[in-house]
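First the structure, in the form of structure tokens, and then the observations on it.
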Amino acid sequence: MLTEGHVYTELRAATLTDDTPPYGLVEAAAIAVVDGKIAWVGPQEDLPAIYAGLKTSSLAGRLVTPALIDCHTHVVHGGNRAAEFELRLNGASYEEVARAGGGINSTVTATRAASVEDLIAQALPRVDAMLAEGVTTIEVKSGYGLDRETELNMLRAARALPKHRPVRVVTSFLGAHAVPADYKDRADAYITEICIPTLRAAHSEGLVDAVDGFCEGIAFSPEQIAPVFDAAQELGLPVKLHAEQLSNLGGAKLAASYGALSADHIEYLDSEGVAALAEAGTVAVILPGAFYTLRETQMPPIELLRQAGVPMALATDCNPGSAPMTSLLLTMNMGCTLFRMTPEEALRGVTIHAARALGLSDCGTLAAGQRADLAIWDVSHPAELAYRIGFNPLHARIFGGSQ
């Protein structure tokens, strides 16, 4: 007989394991958790006798979903860009601000001036806001150092976050985020002299889970991103890419050709790019927060992605410039309201598809063998999670079986 574990009863389980019944919803369900993992989930009346001796808690009909996953964030950085927010409201475009020395490079200055301890301290309030909405897994990118030591410090800070909070962190090396001021008009040299050697150093220190890049006119071309991805492949690291956010340079097709985990933003993605993602099994990560903040008008091709069967994830894109937001619940609402995603697509986008965008297979659904990362909600239907604005119905967050 099992002696350690917990059984949650009298709940509604949105398992997200079956596309046929909406949300994979199991009414009058029970979930057994043993050793930090889901041991069993299903109708309460079918609960196996082996779990009868475990501590039991009634959830009084509450909804249980997989805990949320924020699969695209820049949560570690120095400073903020409120002044640039004001400039944009007074008429300057994001590209104009960037070319004038603002944008990413202004955050680079603040981040280079911060110690690892400073970066951790500044990131923790943002992380706390995410955890308060039922998030248990956060992807964190570098990319605001653009020199060897600061890029490494960002990744060190990201790796340290779980020492301060009950959260799982997945790191992405984003050295190819922008061309730093000291390499102006020498993007190729920056890739060769700084970006790729820093990637190798980060990998040797065990700081990297994936490699990212920003493929855009104000950043790097596909031809410049390719050597970074070649280095990633050599190191055995998966890739992902900021692609087609402001224009269509073919970044998504490049990412797909490397079997990328995800292509992110993709407002300007065309049908060829959609087909490439579908063939490669690459996740499309939709980032409505940046679309909203930059007041963009070109929407990602949601219907084309849907028709092609491309899995769609949603993420906050938490960053100091184009998406200073930490709310995945608001992101879900934006995905539905701005882009006409369905509430079920939104919930899958911050659970099972977000996990896939990070290359994770042990979370994102309620199924036996998965991590017991659960979100318990005071709602009567899963659609309420995307429906409400500025309202947090989280009742409890379970991380690895512990509340």
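All residue names refer to the structure tokens as shown: chains lettered A, B, ... in order, residues numbered from 1 in each chain, ligands numbered from 1 in order.
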Sort by chain and increasing residue number a table of all residues of segment 37-114 of chain A within 12 Å of segment 236-250 of chain A, each with its closest pair of atoms and their distance in Å to one decimal, counting only C-alpha atoms, and write it as JSON lines.
{"residue": "A:Cys71", "atom": "CA", "partner": "A:Lys240", "partner_atom": "CA", "distance": 11.1}
{"residue": "A:His72", "atom": "CA", "partner": "A:His242", "partner_atom": "CA", "distance": 9.9}
{"residue": "A:Thr73", "atom": "CA", "partner": "A:His242", "partner_atom": "CA", "distance": 11.7}
{"residue": "A:Ser93", "atom": "CA", "partner": "A:Leu246", "partner_atom": "CA", "distance": 11.4}
{"residue": "A:Tyr94", "atom": "CA", "partner": "A:Leu246", "partner_atom": "CA", "distance": 9.8}
{"residue": "A:Glu95", "atom": "CA", "partner": "A:Leu246", "partner_atom": "CA", "distance": 9.1}
Proximity of segment 206-324 of chain A to segment 101-112 of chain A: per-residue shortest pair, 12 Å limit, only C-alpha atoms, as a Markdown table:
| residue | atom | partner | partner_atom | distance |
| --- | --- | --- | --- | --- |
| A:Phe214 | CA | A:Ile104 | CA | 11.3 |
| A:Ile218 | CA | A:Ile104 | CA | 10.3 |
| A:Ala219 | CA | A:Ile104 | CA | 10.0 |
| A:Asn319 | CA | A:Thr107 | CA | 9.7 |
| A:Pro320 | CA | A:Thr107 | CA | 7.5 |
| A:Gly321 | CA | A:Gly103 | CA | 6.5 |
| A:Ser322 | CA | A:Gly103 | CA | 8.6 |
| A:Ala323 | CA | A:Gly103 | CA | 11.9 |
Export, as a tab-separated table (two decimals), in the first residue's frame, the selected residues with all heavy atoms.
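The result, stored in selection.tsv:
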chain	number	residue	atom	x	y	z
A	214	PHE	N	17.13	36.78	-33.43
A	214	PHE	CA	16.15	37.76	-33.89
A	214	PHE	C	16.43	38.02	-35.36
A	214	PHE	O	17.40	38.68	-35.72
A	214	PHE	CB	16.26	39.05	-33.07
A	214	PHE	CG	15.19	40.08	-33.34
A	214	PHE	CD1	14.00	39.75	-33.99
A	214	PHE	CD2	15.35	41.38	-32.92
A	214	PHE	CE1	13.02	40.70	-34.22
A	214	PHE	CE2	14.38	42.36	-33.14
A	214	PHE	CZ	13.20	42.01	-33.80
A	218	ILE	N	16.13	45.11	-38.44
A	218	ILE	CA	16.87	45.85	-37.42
A	218	ILE	C	17.78	44.95	-36.60
A	218	ILE	O	18.40	45.41	-35.64
A	218	ILE	CB	15.91	46.61	-36.49
A	218	ILE	CG1	14.96	45.65	-35.79
A	218	ILE	CG2	15.16	47.69	-37.24
A	218	ILE	CD1	14.08	46.30	-34.72
A	219	ALA	N	17.86	43.68	-36.97
A	219	ALA	CA	18.68	42.73	-36.22
A	219	ALA	C	19.58	41.94	-37.17
A	219	ALA	O	20.58	42.47	-37.67
A	219	ALA	CB	17.79	41.82	-35.38
A	319	ASN	N	9.25	41.59	-21.60
A	319	ASN	CA	10.50	42.29	-21.89
A	319	ASN	C	10.31	43.78	-21.63
A	319	ASN	O	9.17	44.26	-21.54
A	319	ASN	CB	10.95	42.01	-23.34
A	319	ASN	CG	10.13	42.74	-24.38
A	319	ASN	OD1	10.20	43.96	-24.50
A	319	ASN	ND2	9.33	42.00	-25.15
A	320	PRO	N	11.39	44.54	-21.50
A	320	PRO	CA	11.25	45.93	-21.09
A	320	PRO	C	10.81	46.89	-22.19
A	320	PRO	O	10.47	48.04	-21.90
A	320	PRO	CB	12.66	46.29	-20.62
A	320	PRO	CG	13.55	45.40	-21.41
A	320	PRO	CD	12.79	44.12	-21.55
A	321	GLY	N	10.80	46.43	-23.44
A	321	GLY	CA	10.50	47.35	-24.52
A	321	GLY	C	9.16	47.15	-25.18
A	321	GLY	O	8.27	48.00	-25.09
A	322	SER	N	8.99	46.02	-25.83
A	322	SER	CA	7.79	45.82	-26.64
A	322	SER	C	6.69	45.03	-25.94
A	322	SER	O	5.58	44.94	-26.46
A	322	SER	CB	8.17	45.11	-27.95
A	322	SER	OG	8.70	43.82	-27.68
A	323	ALA	N	6.97	44.45	-24.77
A	323	ALA	CA	5.93	43.68	-24.06
A	323	ALA	C	6.22	43.68	-22.57
A	323	ALA	O	6.57	42.64	-22.00
A	323	ALA	CB	5.86	42.26	-24.60
Residue neighbourhood His77 of chain A, 9 Å, only C-alpha atoms, exclusion window fewer than 2 positions, as a VMD selection string: chain A and resid 74 to 75 79 to 80 107 to 108 110 to 111 114 119 to 120 122 to 123 142 to 145 154 319 to 320
Just-selected residues, all heavy atoms written as a CSV table (one decimal), in the first residue's frame:
chain,number,residue,atom,x,y,z
A,74,HIS,N,11.8,37.4,-21.6
A,74,HIS,CA,13.0,38.1,-21.4
A,74,HIS,C,13.0,38.6,-20.0
A,74,HIS,O,13.4,39.8,-19.7
A,74,HIS,CB,13.2,39.2,-22.4
A,74,HIS,CG,13.0,38.8,-23.9
A,74,HIS,ND1,14.1,38.7,-24.7
A,74,HIS,CD2,11.9,38.5,-24.6
A,74,HIS,CE1,13.7,38.3,-25.9
A,74,HIS,NE2,12.3,38.3,-25.9
A,75,VAL,N,12.6,37.8,-19.0
A,75,VAL,CA,12.3,38.3,-17.7
A,75,VAL,C,13.6,38.8,-16.9
A,75,VAL,O,13.5,39.6,-16.0
A,75,VAL,CB,11.6,37.2,-16.9
A,75,VAL,CG1,12.5,36.1,-16.5
A,75,VAL,CG2,10.8,37.7,-15.7
A,79,GLY,N,17.0,47.5,-15.8
A,79,GLY,CA,16.3,48.8,-16.1
A,79,GLY,C,14.9,48.6,-16.7
A,79,GLY,O,14.3,47.5,-16.7
A,80,ASN,N,14.4,49.7,-17.3
A,80,ASN,CA,13.1,49.7,-18.0
A,80,ASN,C,13.1,50.7,-19.1
A,80,ASN,O,14.1,51.5,-19.2
A,80,ASN,CB,11.9,49.9,-17.0
A,80,ASN,CG,11.9,51.4,-16.5
A,80,ASN,OD1,11.5,52.3,-17.2
A,80,ASN,ND2,12.3,51.6,-15.3
A,107,THR,N,18.5,48.9,-23.2
A,107,THR,CA,18.5,47.8,-22.2
A,107,THR,C,19.8,47.2,-22.0
A,107,THR,O,20.2,46.8,-20.9
A,107,THR,CB,17.4,46.8,-22.5
A,107,THR,OG1,16.1,47.5,-22.5
A,107,THR,CG2,17.3,45.7,-21.4
A,108,VAL,N,20.6,47.1,-23.1
A,108,VAL,CA,21.9,46.5,-23.0
A,108,VAL,C,22.8,47.3,-22.0
A,108,VAL,O,23.5,46.8,-21.2
A,108,VAL,CB,22.6,46.5,-24.4
A,108,VAL,CG1,24.1,46.2,-24.3
A,108,VAL,CG2,21.9,45.4,-25.3
A,110,ALA,N,21.8,49.2,-19.5
A,110,ALA,CA,21.4,48.9,-18.1
A,110,ALA,C,21.8,47.5,-17.6
A,110,ALA,O,22.1,47.3,-16.5
A,110,ALA,CB,19.9,49.1,-18.0
A,111,THR,N,21.7,46.5,-18.5
A,111,THR,CA,22.0,45.2,-18.1
A,111,THR,C,23.5,45.0,-17.9
A,111,THR,O,23.9,44.3,-17.0
A,111,THR,CB,21.4,44.2,-19.2
A,111,THR,OG1,20.1,44.4,-19.4
A,111,THR,CG2,21.6,42.8,-18.8
A,114,ALA,N,24.6,45.9,-14.4
A,114,ALA,CA,24.0,45.1,-13.3
A,114,ALA,C,24.8,43.9,-13.0
A,114,ALA,O,25.3,43.2,-14.0
A,114,ALA,CB,22.6,44.7,-13.7
A,119,LEU,N,20.5,41.4,-11.3
A,119,LEU,CA,19.6,40.8,-12.3
A,119,LEU,C,18.6,39.9,-11.6
A,119,LEU,O,17.4,39.9,-12.0
A,119,LEU,CB,20.4,40.1,-13.4
A,119,LEU,CG,21.3,41.0,-14.2
A,119,LEU,CD1,22.2,40.1,-15.2
A,119,LEU,CD2,20.5,41.9,-15.1
A,120,ILE,N,19.0,39.1,-10.7
A,120,ILE,CA,18.1,38.2,-9.9
A,120,ILE,C,17.1,39.1,-9.2
A,120,ILE,O,15.9,38.8,-9.3
A,120,ILE,CB,18.9,37.3,-9.0
A,120,ILE,CG1,19.8,36.3,-9.8
A,120,ILE,CG2,17.9,36.6,-8.1
A,120,ILE,CD1,20.7,35.6,-8.9
A,122,GLN,N,16.0,42.1,-9.7
A,122,GLN,CA,15.1,42.8,-10.6
A,122,GLN,C,14.1,41.8,-11.2
A,122,GLN,O,13.0,42.2,-11.5
A,122,GLN,CB,15.9,43.6,-11.6
A,122,GLN,CG,16.6,44.7,-11.1
A,122,GLN,CD,17.3,45.5,-12.2
A,122,GLN,OE1,16.7,46.0,-13.2
A,122,GLN,NE2,18.6,45.7,-12.1
A,123,ALA,N,14.5,40.6,-11.5
A,123,ALA,CA,13.7,39.6,-12.1
A,123,ALA,C,12.6,39.0,-11.2
A,123,ALA,O,11.5,38.7,-11.6
A,123,ALA,CB,14.5,38.5,-12.7
A,142,SER,N,18.7,35.1,-22.8
A,142,SER,CA,19.7,36.2,-22.7
A,142,SER,C,19.4,37.2,-23.8
A,142,SER,O,18.3,37.3,-24.3
A,142,SER,CB,21.1,35.6,-22.8
A,142,SER,OG,21.3,35.1,-24.1
A,143,GLY,N,20.4,38.0,-24.2
A,143,GLY,CA,20.2,38.8,-25.3
A,143,GLY,C,20.3,40.3,-25.0
A,143,GLY,O,20.2,41.1,-26.0
A,144,TYR,N,20.4,40.7,-23.8
A,144,TYR,CA,20.6,42.1,-23.4
A,144,TYR,C,22.0,42.4,-22.9
A,144,TYR,O,22.3,43.4,-22.3
A,144,TYR,CB,19.6,42.5,-22.4
A,144,TYR,CG,18.2,42.5,-22.9
A,144,TYR,CD1,17.2,41.8,-22.2
A,144,TYR,CD2,17.8,43.3,-24.0
A,144,TYR,CE1,15.8,41.9,-22.7
A,144,TYR,CE2,16.5,43.3,-24.5
A,144,TYR,CZ,15.5,42.6,-23.8
A,144,TYR,OH,14.2,42.6,-24.3
A,145,GLY,N,22.9,41.4,-23.2
A,145,GLY,CA,24.3,41.7,-22.8
A,145,GLY,C,25.1,42.0,-24.1
A,145,GLY,O,25.8,43.1,-24.1
A,154,MET,N,23.5,36.9,-17.5
A,154,MET,CA,22.1,36.8,-17.7
A,154,MET,C,21.7,35.4,-17.5
A,154,MET,O,20.7,35.1,-16.8
A,154,MET,CB,21.6,37.3,-19.0
A,154,MET,CG,21.7,38.8,-19.2
A,154,MET,SD,21.0,39.4,-20.8
A,154,MET,CE,19.3,39.1,-20.4
A,319,ASN,N,9.2,41.6,-21.6
A,319,ASN,CA,10.5,42.3,-21.9
A,319,ASN,C,10.3,43.8,-21.6
A,319,ASN,O,9.2,44.3,-21.5
A,319,ASN,CB,10.9,42.0,-23.3
A,319,ASN,CG,10.1,42.7,-24.4
A,319,ASN,OD1,10.2,44.0,-24.5
A,319,ASN,ND2,9.3,42.0,-25.2
A,320,PRO,N,11.4,44.5,-21.5
A,320,PRO,CA,11.2,45.9,-21.1
A,320,PRO,C,10.8,46.9,-22.2
A,320,PRO,O,10.5,48.0,-21.9
A,320,PRO,CB,12.7,46.3,-20.6
A,320,PRO,CG,13.5,45.4,-21.4
A,320,PRO,CD,12.8,44.1,-21.6
Nearby residues (only C-alpha atoms) at most 12 Å from Leu360 of chain A, same-chain spacing under 6 positions excluded, as a PyMOL selection string: chain A and resi 69+71+137-139+168-170+209-210+238+261+351-354+370-371
Would you write out those residues with all heavy atoms, as a short mmCIF file (atom, residue, chain, number, x, y, z; two decimals), in the first residue's frame?
data_model
loop_
_atom_site.label_atom_id
_atom_site.label_comp_id
_atom_site.auth_asym_id
_atom_site.auth_seq_id
_atom_site.Cartn_x
_atom_site.Cartn_y
_atom_site.Cartn_z
N ILE A 69 2.55 27.55 -18.48
CA ILE A 69 3.94 27.58 -18.94
C ILE A 69 4.13 28.83 -19.80
O ILE A 69 3.42 29.02 -20.78
CB ILE A 69 4.27 26.32 -19.78
CG1 ILE A 69 4.09 25.06 -18.93
CG2 ILE A 69 5.68 26.41 -20.37
CD1 ILE A 69 4.09 23.78 -19.75
N CYS A 71 6.40 30.29 -22.32
CA CYS A 71 7.46 29.71 -23.16
C CYS A 71 8.29 30.74 -23.92
O CYS A 71 9.12 30.36 -24.75
CB CYS A 71 6.87 28.68 -24.11
SG CYS A 71 5.76 29.36 -25.37
N THR A 137 6.50 26.96 -15.02
CA THR A 137 7.66 26.84 -15.90
C THR A 137 7.79 28.12 -16.72
O THR A 137 6.82 28.59 -17.31
CB THR A 137 7.51 25.64 -16.85
OG1 THR A 137 7.39 24.44 -16.08
CG2 THR A 137 8.72 25.51 -17.77
N ILE A 138 9.01 28.67 -16.74
CA ILE A 138 9.28 29.91 -17.44
C ILE A 138 10.53 29.74 -18.30
O ILE A 138 11.56 29.28 -17.82
CB ILE A 138 9.51 31.08 -16.46
CG1 ILE A 138 8.29 31.29 -15.56
CG2 ILE A 138 9.86 32.36 -17.20
CD1 ILE A 138 8.53 32.29 -14.44
N GLU A 139 10.41 30.11 -19.56
CA GLU A 139 11.59 30.20 -20.42
C GLU A 139 12.20 31.58 -20.23
O GLU A 139 11.48 32.57 -20.17
CB GLU A 139 11.20 29.99 -21.88
CG GLU A 139 12.38 29.94 -22.86
CD GLU A 139 12.57 31.22 -23.64
OE1 GLU A 139 11.98 32.26 -23.25
OE2 GLU A 139 13.28 31.21 -24.64
N ARG A 168 10.39 26.27 -12.38
CA ARG A 168 11.27 25.59 -13.33
C ARG A 168 11.66 26.60 -14.41
O ARG A 168 10.80 27.26 -14.99
CB ARG A 168 10.53 24.40 -13.95
CG ARG A 168 11.36 23.53 -14.88
CD ARG A 168 10.47 22.43 -15.44
NE ARG A 168 11.20 21.40 -16.13
CZ ARG A 168 10.62 20.34 -16.72
NH1 ARG A 168 9.30 20.21 -16.68
NH2 ARG A 168 11.35 19.43 -17.33
N VAL A 169 12.95 26.72 -14.69
CA VAL A 169 13.44 27.67 -15.67
C VAL A 169 14.13 26.93 -16.81
O VAL A 169 14.96 26.05 -16.58
CB VAL A 169 14.41 28.68 -15.03
CG1 VAL A 169 15.15 29.49 -16.10
CG2 VAL A 169 13.65 29.63 -14.10
N VAL A 170 13.77 27.29 -18.03
CA VAL A 170 14.42 26.79 -19.24
C VAL A 170 15.10 27.99 -19.89
O VAL A 170 14.47 29.04 -20.08
CB VAL A 170 13.39 26.17 -20.21
CG1 VAL A 170 14.08 25.71 -21.49
CG2 VAL A 170 12.67 25.01 -19.53
N ASP A 209 19.81 25.76 -22.70
CA ASP A 209 18.91 24.68 -23.10
C ASP A 209 18.55 24.76 -24.58
O ASP A 209 18.21 23.75 -25.20
CB ASP A 209 17.63 24.72 -22.27
CG ASP A 209 17.90 24.45 -20.80
OD1 ASP A 209 18.62 23.48 -20.49
OD2 ASP A 209 17.39 25.22 -19.95
N ALA A 210 18.58 25.98 -25.15
CA ALA A 210 18.23 26.17 -26.56
C ALA A 210 18.90 27.45 -27.04
O ALA A 210 19.39 28.26 -26.24
CB ALA A 210 16.72 26.26 -26.75
N PRO A 238 18.89 22.48 -29.39
CA PRO A 238 17.78 22.85 -30.29
C PRO A 238 17.75 24.35 -30.50
O PRO A 238 18.33 25.12 -29.73
CB PRO A 238 16.55 22.36 -29.52
CG PRO A 238 16.96 22.42 -28.09
CD PRO A 238 18.43 22.08 -28.05
N LEU A 261 12.39 24.20 -32.53
CA LEU A 261 11.30 23.97 -31.59
C LEU A 261 10.16 24.93 -31.86
O LEU A 261 8.99 24.55 -31.81
CB LEU A 261 11.80 24.18 -30.15
CG LEU A 261 12.79 23.17 -29.59
CD1 LEU A 261 13.29 23.63 -28.22
CD2 LEU A 261 12.15 21.79 -29.48
N THR A 351 -0.14 25.64 -22.14
CA THR A 351 0.10 24.37 -21.44
C THR A 351 0.80 23.39 -22.38
O THR A 351 2.01 23.46 -22.56
CB THR A 351 -1.23 23.79 -20.89
OG1 THR A 351 -2.19 23.72 -21.95
CG2 THR A 351 -1.77 24.64 -19.75
N ILE A 352 0.05 22.54 -23.04
CA ILE A 352 0.66 21.47 -23.83
C ILE A 352 1.51 22.00 -24.99
O ILE A 352 2.61 21.50 -25.25
CB ILE A 352 -0.41 20.47 -24.33
CG1 ILE A 352 0.23 19.33 -25.11
CG2 ILE A 352 -1.50 21.17 -25.14
CD1 ILE A 352 -0.74 18.21 -25.44
N HIS A 353 1.04 23.03 -25.69
CA HIS A 353 1.82 23.54 -26.82
C HIS A 353 3.00 24.38 -26.36
O HIS A 353 4.04 24.42 -27.02
CB HIS A 353 0.92 24.31 -27.78
CG HIS A 353 -0.09 23.44 -28.47
ND1 HIS A 353 -1.24 23.94 -29.02
CD2 HIS A 353 -0.12 22.10 -28.69
CE1 HIS A 353 -1.93 22.94 -29.55
NE2 HIS A 353 -1.27 21.82 -29.35
N ALA A 354 2.84 25.06 -25.22
CA ALA A 354 3.98 25.78 -24.66
C ALA A 354 5.08 24.82 -24.24
O ALA A 354 6.27 25.09 -24.43
CB ALA A 354 3.53 26.63 -23.48
N GLN A 370 3.15 12.43 -15.70
CA GLN A 370 3.55 13.83 -15.85
C GLN A 370 3.90 14.44 -14.49
O GLN A 370 3.46 13.95 -13.44
CB GLN A 370 2.39 14.63 -16.46
CG GLN A 370 2.04 14.22 -17.88
CD GLN A 370 2.92 14.93 -18.91
OE1 GLN A 370 2.71 16.08 -19.23
NE2 GLN A 370 3.90 14.21 -19.43
N ARG A 371 4.72 15.49 -14.51
CA ARG A 371 4.98 16.23 -13.29
C ARG A 371 3.65 16.70 -12.68
O ARG A 371 2.75 17.10 -13.41
CB ARG A 371 5.85 17.45 -13.57
CG ARG A 371 7.32 17.17 -13.80
CD ARG A 371 8.04 18.47 -14.18
NE ARG A 371 7.82 19.52 -13.19
CZ ARG A 371 8.61 19.78 -12.15
NH1 ARG A 371 9.69 19.04 -11.95
NH2 ARG A 371 8.33 20.77 -11.32
#
Separation of atom CA of Asp128 of chain A from atom CA of Glu4 of chain A in Å: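 Interatomic distance here is 29.2 Å.
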Could you write out, as a CSV table (one decimal) with N, CA and C atoms, in the first residue's frame, all the residues of segment 255-295 of chain A that DSSP marks as strand (DSSP E or B)?
chain,number,residue,atom,x,y,z
A,262,SER,N,10.5,26.2,-32.1
A,262,SER,CA,9.4,27.2,-32.3
A,262,SER,C,9.9,28.3,-33.2
A,263,ALA,N,8.9,29.0,-33.8
A,263,ALA,CA,9.1,30.3,-34.5
A,263,ALA,C,8.2,31.2,-33.8
A,264,ASP,N,8.7,32.4,-33.4
A,264,ASP,CA,7.9,33.2,-32.5
A,264,ASP,C,7.6,34.6,-33.1
A,265,HIS,N,6.5,35.1,-32.8
A,265,HIS,CA,5.9,36.4,-33.3
A,265,HIS,C,5.1,36.1,-34.6
A,283,VAL,N,6.5,24.6,-33.5
A,283,VAL,CA,5.4,25.3,-32.9
A,283,VAL,C,5.5,26.8,-33.2
A,284,ALA,N,4.3,27.4,-33.5
A,284,ALA,CA,4.2,28.8,-33.7
A,284,ALA,C,3.8,29.4,-32.4
A,285,VAL,N,4.7,30.3,-31.9
A,285,VAL,CA,4.5,31.0,-30.6
A,285,VAL,C,3.9,32.4,-30.9
A,286,ILE,N,2.7,32.6,-30.4
A,286,ILE,CA,2.0,33.8,-30.7
A,286,ILE,C,2.2,34.7,-29.5
Test item: residues at most 10 Å from Glu279 of chain A, only C-alpha atoms, excluding those fewer than 3 positions along its chain, as a VMD selection string: chain A and resid 256 to 257 259 273 to 276 282 308 to 310
Convert the current residue selection to file output with N, CA and C atoms, as a short mmCIF file (atom, residue, chain, number, x, y, z; two decimals), in the first residue's frame.
data_model
loop_
_atom_site.label_atom_id
_atom_site.label_comp_id
_atom_site.auth_asym_id
_atom_site.auth_seq_id
_atom_site.Cartn_x
_atom_site.Cartn_y
_atom_site.Cartn_z
N ALA A 256 12.57 26.38 -39.57
CA ALA A 256 12.01 25.05 -39.86
C ALA A 256 13.05 24.14 -40.49
N SER A 257 13.94 24.71 -41.31
CA SER A 257 14.96 23.88 -41.97
C SER A 257 15.94 23.29 -40.97
N GLY A 259 14.77 22.28 -38.03
CA GLY A 259 13.92 21.52 -37.11
C GLY A 259 13.66 22.26 -35.82
N GLY A 273 5.75 29.88 -45.38
CA GLY A 273 6.30 29.73 -44.04
C GLY A 273 5.45 28.83 -43.17
N VAL A 274 4.13 28.95 -43.27
CA VAL A 274 3.23 28.07 -42.53
C VAL A 274 3.46 26.62 -42.91
N ALA A 275 3.57 26.37 -44.21
CA ALA A 275 3.80 25.00 -44.69
C ALA A 275 5.12 24.46 -44.16
N ALA A 276 6.13 25.31 -44.11
CA ALA A 276 7.44 24.87 -43.60
C ALA A 276 7.35 24.49 -42.13
N THR A 282 7.29 22.40 -36.16
CA THR A 282 7.69 23.54 -35.35
C THR A 282 6.47 24.25 -34.78
N ALA A 308 -3.34 24.22 -41.23
CA ALA A 308 -2.16 23.39 -41.48
C ALA A 308 -1.82 22.48 -40.31
N GLY A 309 -2.54 22.64 -39.20
CA GLY A 309 -2.28 21.79 -38.05
C GLY A 309 -1.02 22.17 -37.29
N VAL A 310 -0.58 23.42 -37.43
CA VAL A 310 0.60 23.88 -36.69
C VAL A 310 0.19 24.18 -35.25
#
Which residue of A:Leu16, A:Met341, A:Ala255, A:Ala372 approaches Pro222 of chain A most closely, using only C-alpha atoms: A:Ala255
Pick from A:Leu358, A:Met299, A:Pro311, A:Glu84 nearest to Asp212 of chain A, counting only C-alpha atoms: A:Leu358
Computed interatomic separation between atom CA of Asp230 of chain A and atom CA of Leu146 of chain A (Å):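 Going from atom CA of Asp230 of chain A over to atom CA of Leu146 of chain A, I get 19.1 Å.
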Filtered DSSP result for segment 113-237 of chain A, state helix (DSSP H, G or I), as a PyMOL selection string: chain A and resi 116-131+148-164+181-183+187-204+222-235
